[in-house]
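Step one of this worksheet: look at the structure below.
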Amino acid sequence: MNQVISIGKQDFSSLRENNCFYIDKSDLIREWWDSQDEITLITRPRRFGKTLNMSMLNYFFSNLYTDKKALFEDLSIWKEEKYRNLQGIYPVIFISFASVKGNTYQDTRDGVIMAINEAYSEHRYLLEWKGLTEGERKCFEELDNYAKNPGIKEPVANDTICNAVKNLSNCLYRYYKKKILIFLDEYDTPMQESYLYEYWKEFIAFIRNFFNATFKTNPYLERAMMTGITRVSKESVFSDLNNLNVVTTTSREYETCFGFTEQEVFCALETMGMSEEKQLVKSWYDGFVFGSRKDIYNPWSITNYLDKKQLRPYWADTSSNGLINRLIRRSSPEIKELMEELLQGREIVVNFDEQIVFEQLEQDENAIWSLMLASGYLKATEVEYRGILRDPWYHLMITNLETTAMFSSLFKGWFYQSRSNYNQFVKALLNSDLDAMNYYMNQISMATFSYFDMSGKEDGSGAPERFYHGFVLGLIADQTDQYEICSNRESGFGRYDVMMIPRKPGNRRCPAIIMEFKVHNSKKEETLEETVDHALDQIEAMNYDAQLFARGFERREIRHYGFAFEGKKVLIGMRE
């Protein structure tokens, strides 16, 4: 019977029992168990199967699911008896922070209580046990009552919440005479929210105590696994955890346990009768690098593609980019230059710490690369260790076409408020209406540049030319149906020029356009008009028209534009 393509199903039992499409990731069980690590933290981008894998671990180990052996019988893990003997033998506490999102500290604290109470609810059978103390019974009821009535007059004390999982571990240990496994999914979701909504300091003091009680001072713990997107710094939340093995996207452990390998994707395409789509699928959804494996595909997008059979930015469409968006907008011109390199398909090499210290994100501008790498928007094609201290230097690129689409949407969002002016500017550009171009460009720059840090000052007068170059490229990006758009290095000319070459030569409504960008330098030029003249002079001096003449264009079909920038002020000049 053909498998059903199910979108978004994250319960392992439901997925398997309903014959839904599934790629065997049970080797995660083998690798984790054989590692003997006491506490494992694995970071992977969103929608990469973290929750499904944690659900699989729960069904495999939990003694509440001794009747679920059939879920694993045709999977890799079932081939060896020593692993079969592990199924259903441990008391397990399974918690997910995936939905713990709040605009305030109180909302997020309530979300943590809800998540812990769900774990307690799985073990309410303990209330029938005579070995439970009166205080332990009270904890069950207090959490349940608050979860059903959040905001009641008598909130649950921090000490009760922080020790709740440790206390439940104690109850289960006494009941089963066996130590506990703890699985915590999406551990960092509330931390990202607390940073975004600016209650980080209050929340982190609370959650640090929770982690310490749950994982460090818990004598009833056998092993634990946590998953999340980011590797939050040990100093922030794990300062007391010396028994933690952190596995990031650059680690060589668990390389193929999250996401699909190329072999798995191609096999799925063949099974679905879609073998001819392999290369298209590869160009869109391949490119994630985990450890030494450079052939990891996005499972969310692959599953959606198999279902809908259309190339779409499925993963990018589910993105929440609030934090990355804010950091890019506030970043220095140097960071924006590197972003332009990435957007043009090039590799950058940068040094940063993979640990994310949220309270330092806006002081340490290189932290944005750590966040974007962990989130899957960038891939590390190589990690190079330099010097006697072996500092890591990351070779980064945008992951694939789908993530390029995500960046495109991100940048379009910056221009949203001035969308009408943007459309009018493009219309004026194509109609050679210089007055309208100047009017609408200055409207756009005033609205848009306020999002950005315009300091950094290449020559003391404003942001570097490459920032403006990238800005104008973004404005004309939608014209690719009518124009071939070449930026500086593609055309082999000067460093900051842009060339728009009509796809249908001879159409007077679509002139060939050459642009040159200059930042006003008060030491060399008294006015912006002089800066514009220097830009236009450079087009002629460097003979930028030569490539267009070689393609058969006549001089009357070519427009020269000089752009002069000074902070948020723009002046454009034209020569025909």
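Residues are named by chain letter and number: chains run A, B, ... in the order of the structure tokens, numbers start at 1 in each chain, and ligands are numbered from 1 in the order shown.
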Any chance you could tabulate, as a Markdown table, the residues of stretch 120-233 of chain A at most 8 Å from stretch 83-96 of chain A with each one's nearest atom pair and distance in Å to one decimal, using only C-alpha atoms, in chain and rising number order?
```
| residue | atom | partner | partner_atom | distance |
| --- | --- | --- | --- | --- |
| A:Val165 | CA | A:Ile93 | CA | 8.0 |
| A:Ser169 | CA | A:Ile93 | CA | 7.8 |
| A:Leu172 | CA | A:Pro91 | CA | 6.7 |
| A:Tyr173 | CA | A:Pro91 | CA | 7.8 |
| A:Tyr176 | CA | A:Pro91 | CA | 7.4 |
| A:Lys178 | CA | A:Tyr90 | CA | 7.2 |
| A:Lys179 | CA | A:Pro91 | CA | 7.3 |
| A:Ile180 | CA | A:Pro91 | CA | 5.3 |
| A:Leu181 | CA | A:Val92 | CA | 4.8 |
| A:Ile182 | CA | A:Ile93 | CA | 4.8 |
| A:Phe183 | CA | A:Phe94 | CA | 4.8 |
| A:Leu184 | CA | A:Ile95 | CA | 4.9 |
| A:Asp185 | CA | A:Ser96 | CA | 4.5 |
| A:Glu186 | CA | A:Ser96 | CA | 6.2 |
| A:Tyr187 | CA | A:Ser96 | CA | 7.3 |
```
For A:Cys486, please output as a ChimeraX atom specification all residues within 8 Å (counting only C-alpha atoms; exclusion window: fewer than 5 positions along the same chain).
/A:491,498-501
Would you please give, as an NGL selection string, all residues of stretch 505-542 of chain A that DSSP assigns to strand (DSSP E) based on the backbone?
:A and (512-519)
Convert the current residue selection to file output with C-alpha atoms, as a PDB file, in the first residue's frame.
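Contents of again_6.pdb, freshly written:
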```pdb
ATOM      1  CA  ALA A 512      20.042  49.735 -21.815  1.00  0.00           C
ATOM      2  CA  ILE A 513      21.022  51.307 -18.509  1.00  0.00           C
ATOM      3  CA  ILE A 514      24.415  51.811 -16.861  1.00  0.00           C
ATOM      4  CA  MET A 515      24.571  53.067 -13.273  1.00  0.00           C
ATOM      5  CA  GLU A 516      27.559  54.260 -11.293  1.00  0.00           C
ATOM      6  CA  PHE A 517      27.381  54.878  -7.539  1.00  0.00           C
ATOM      7  CA  LYS A 518      29.448  57.346  -5.546  1.00  0.00           C
ATOM      8  CA  VAL A 519      29.366  58.368  -1.898  1.00  0.00           C
TER       9      VAL A 519
END
```
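Near stretch 259-261 of chain A, within 7 Å and counting only C-alpha atoms, sit Phe48, Gly49, Thr256, Glu264, Val265, Asp295, Ile296, Tyr297, Asn298 and Pro299 of chain A, not including residues fewer than 3 positions from it in the same chain.
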Once you have the residues from the selection above, write them out as a PDB file, in the first residue's frame, restricted to N, CA and C atoms.
```
ATOM      1  N   PHE A  48      13.234  20.471  10.958  1.00  0.00           N
ATOM      2  CA  PHE A  48      14.178  19.431  10.556  1.00  0.00           C
ATOM      3  C   PHE A  48      13.944  18.113  11.282  1.00  0.00           C
ATOM      4  N   GLY A  49      12.748  17.905  11.810  1.00  0.00           N
ATOM      5  CA  GLY A  49      12.393  16.621  12.398  1.00  0.00           C
ATOM      6  C   GLY A  49      12.791  16.451  13.838  1.00  0.00           C
ATOM      7  N   THR A 256      23.368  12.364  10.068  1.00  0.00           N
ATOM      8  CA  THR A 256      22.250  12.039   9.166  1.00  0.00           C
ATOM      9  C   THR A 256      20.943  11.757   9.916  1.00  0.00           C
ATOM     10  N   GLU A 264      18.376   9.278   0.341  1.00  0.00           N
ATOM     11  CA  GLU A 264      17.007   9.099   0.836  1.00  0.00           C
ATOM     12  C   GLU A 264      16.008   9.887  -0.004  1.00  0.00           C
ATOM     13  N   VAL A 265      16.381  11.103  -0.408  1.00  0.00           N
ATOM     14  CA  VAL A 265      15.489  11.933  -1.220  1.00  0.00           C
ATOM     15  C   VAL A 265      15.293  11.318  -2.605  1.00  0.00           C
ATOM     16  N   ASP A 295      25.262  16.799   1.910  1.00  0.00           N
ATOM     17  CA  ASP A 295      24.148  16.433   1.036  1.00  0.00           C
ATOM     18  C   ASP A 295      22.836  16.326   1.800  1.00  0.00           C
ATOM     19  N   ILE A 296      22.640  17.187   2.800  1.00  0.00           N
ATOM     20  CA  ILE A 296      21.433  17.115   3.607  1.00  0.00           C
ATOM     21  C   ILE A 296      20.343  18.022   3.009  1.00  0.00           C
ATOM     22  N   TYR A 297      19.153  17.450   2.887  1.00  0.00           N
ATOM     23  CA  TYR A 297      18.000  18.164   2.333  1.00  0.00           C
ATOM     24  C   TYR A 297      17.041  18.559   3.455  1.00  0.00           C
ATOM     25  N   ASN A 298      16.284  19.617   3.167  1.00  0.00           N
ATOM     26  CA  ASN A 298      15.287  20.101   4.106  1.00  0.00           C
ATOM     27  C   ASN A 298      14.075  19.162   4.090  1.00  0.00           C
ATOM     28  N   PRO A 299      13.782  18.459   5.187  1.00  0.00           N
ATOM     29  CA  PRO A 299      12.697  17.469   5.164  1.00  0.00           C
ATOM     30  C   PRO A 299      11.311  18.083   5.025  1.00  0.00           C
TER      31      PRO A 299
END
```
Polymer residues at most 9 Å from stretch 380-391 of chain A, only C-alpha atoms, same-chain spacing of 6 or more positions, as a list in words
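Listing them by chain and then by number gives Thr249, Thr250, Phe288, Val289, Phe290, Ser292, Lys294, Glu347, Asn351, Phe352, Leu373, Met397 and Thr399 of chain A.
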In stretch 130-204 of chain A, DSSP alpha helix (DSSP H) residues written as JSON, numbers by chain:
{"A": [134, 135, 136, 137, 138, 139, 140, 141, 142, 143, 144, 145, 146, 147, 148, 158, 159, 160, 161, 162, 164, 165, 166, 167, 168, 169, 170, 171, 172, 173, 174, 175, 176, 189, 190, 191, 192, 193, 194, 195, 196, 200, 201, 202, 203, 204]}
Write out as a PyMOL selection string each polymer residue whose atoms come within 12 Å of A:Glu73, counting only C-alpha atoms; drop sequence neighbours fewer than 4 positions from it.
chain A and resi 16+24+26+60+68-69+77-81+83-84+87
Select, from A:Ser62, A:Asn167, A:Gln547, A:Ser239, the residue with the minimum atom-to-atom distance to A:Asn212, counting only C-alpha atoms.
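Between A:Ser62, A:Asn167, A:Gln547, A:Ser239, the residue approaching A:Asn212 most closely is A:Ser239.
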Using only C-alpha atoms, determine which residues lie at most 8 Å from stretch 40-42 of chain A, disregarding the query and same-chain residues fewer than 2 positions distant; provide the list as an MDAnalysis selection string.
chainID A and resid 37:38 44 224:228 244:248
Counting only C-alpha atoms, which residue out of A:Arg329, A:Arg109, A:Arg30, A:Arg252 sits closest to A:Phe206?
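The closest residue to A:Phe206 is A:Arg109.
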Residues within 10 Å of A:Gln10, please, as a PDB file with N, CA and C atoms, in the first residue's frame. Count only C-alpha atoms; anything in the same chain fewer than 3 positions from it doesn't count.
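Okay, result_5.pdb is ready:
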```pdb
ATOM      1  N   SER A   6       1.853  13.008   4.736  1.00  0.00           N
ATOM      2  CA  SER A   6       1.211  13.797   5.781  1.00  0.00           C
ATOM      3  C   SER A   6       2.073  15.017   6.088  1.00  0.00           C
ATOM      4  N   ILE A   7       1.453  16.189   6.111  1.00  0.00           N
ATOM      5  CA  ILE A   7       2.176  17.431   6.362  1.00  0.00           C
ATOM      6  C   ILE A   7       1.996  17.852   7.820  1.00  0.00           C
ATOM      7  N   SER A  13       3.963   7.743  16.683  1.00  0.00           N
ATOM      8  CA  SER A  13       3.015   6.633  16.650  1.00  0.00           C
ATOM      9  C   SER A  13       1.937   6.860  15.598  1.00  0.00           C
ATOM     10  N   SER A  14       1.376   8.061  15.568  1.00  0.00           N
ATOM     11  CA  SER A  14       0.326   8.375  14.596  1.00  0.00           C
ATOM     12  C   SER A  14       0.856   8.275  13.171  1.00  0.00           C
ATOM     13  N   LEU A  15       2.066   8.750  12.967  1.00  0.00           N
ATOM     14  CA  LEU A  15       2.668   8.710  11.635  1.00  0.00           C
ATOM     15  C   LEU A  15       2.836   7.269  11.153  1.00  0.00           C
ATOM     16  N   GLY A  49      12.748  17.905  11.810  1.00  0.00           N
ATOM     17  CA  GLY A  49      12.393  16.621  12.398  1.00  0.00           C
ATOM     18  C   GLY A  49      12.791  16.451  13.838  1.00  0.00           C
ATOM     19  N   LYS A  50      13.105  17.549  14.531  1.00  0.00           N
ATOM     20  CA  LYS A  50      13.515  17.419  15.939  1.00  0.00           C
ATOM     21  C   LYS A  50      12.391  16.849  16.794  1.00  0.00           C
ATOM     22  N   THR A  51      11.190  17.421  16.643  1.00  0.00           N
ATOM     23  CA  THR A  51      10.070  16.980  17.469  1.00  0.00           C
ATOM     24  C   THR A  51       9.670  15.546  17.142  1.00  0.00           C
ATOM     25  N   LEU A  52       9.666  15.188  15.868  1.00  0.00           N
ATOM     26  CA  LEU A  52       9.335  13.811  15.478  1.00  0.00           C
ATOM     27  C   LEU A  52      10.350  12.832  16.042  1.00  0.00           C
ATOM     28  N   ASN A  53      11.626  13.190  16.001  1.00  0.00           N
ATOM     29  CA  ASN A  53      12.658  12.307  16.553  1.00  0.00           C
ATOM     30  C   ASN A  53      12.539  12.168  18.069  1.00  0.00           C
ATOM     31  N   MET A  54      12.191  13.255  18.739  1.00  0.00           N
ATOM     32  CA  MET A  54      12.014  13.171  20.194  1.00  0.00           C
ATOM     33  C   MET A  54      10.794  12.320  20.536  1.00  0.00           C
ATOM     34  N   SER A  55       9.752  12.425  19.718  1.00  0.00           N
ATOM     35  CA  SER A  55       8.582  11.567  19.904  1.00  0.00           C
ATOM     36  C   SER A  55       8.963  10.103  19.697  1.00  0.00           C
ATOM     37  N   MET A  56       9.816   9.842  18.704  1.00  0.00           N
ATOM     38  CA  MET A  56      10.292   8.469  18.468  1.00  0.00           C
ATOM     39  C   MET A  56      11.046   7.943  19.685  1.00  0.00           C
TER      40      MET A  56
END
```
Ranking A:Ser99, A:Ile152, A:Tyr561, A:Asp545 by minimum distance to A:Asp433 and counting only C-alpha atoms, which one comes first?
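Nearest candidate to A:Asp433 out of A:Ser99, A:Ile152, A:Tyr561, A:Asp545: A:Tyr561.
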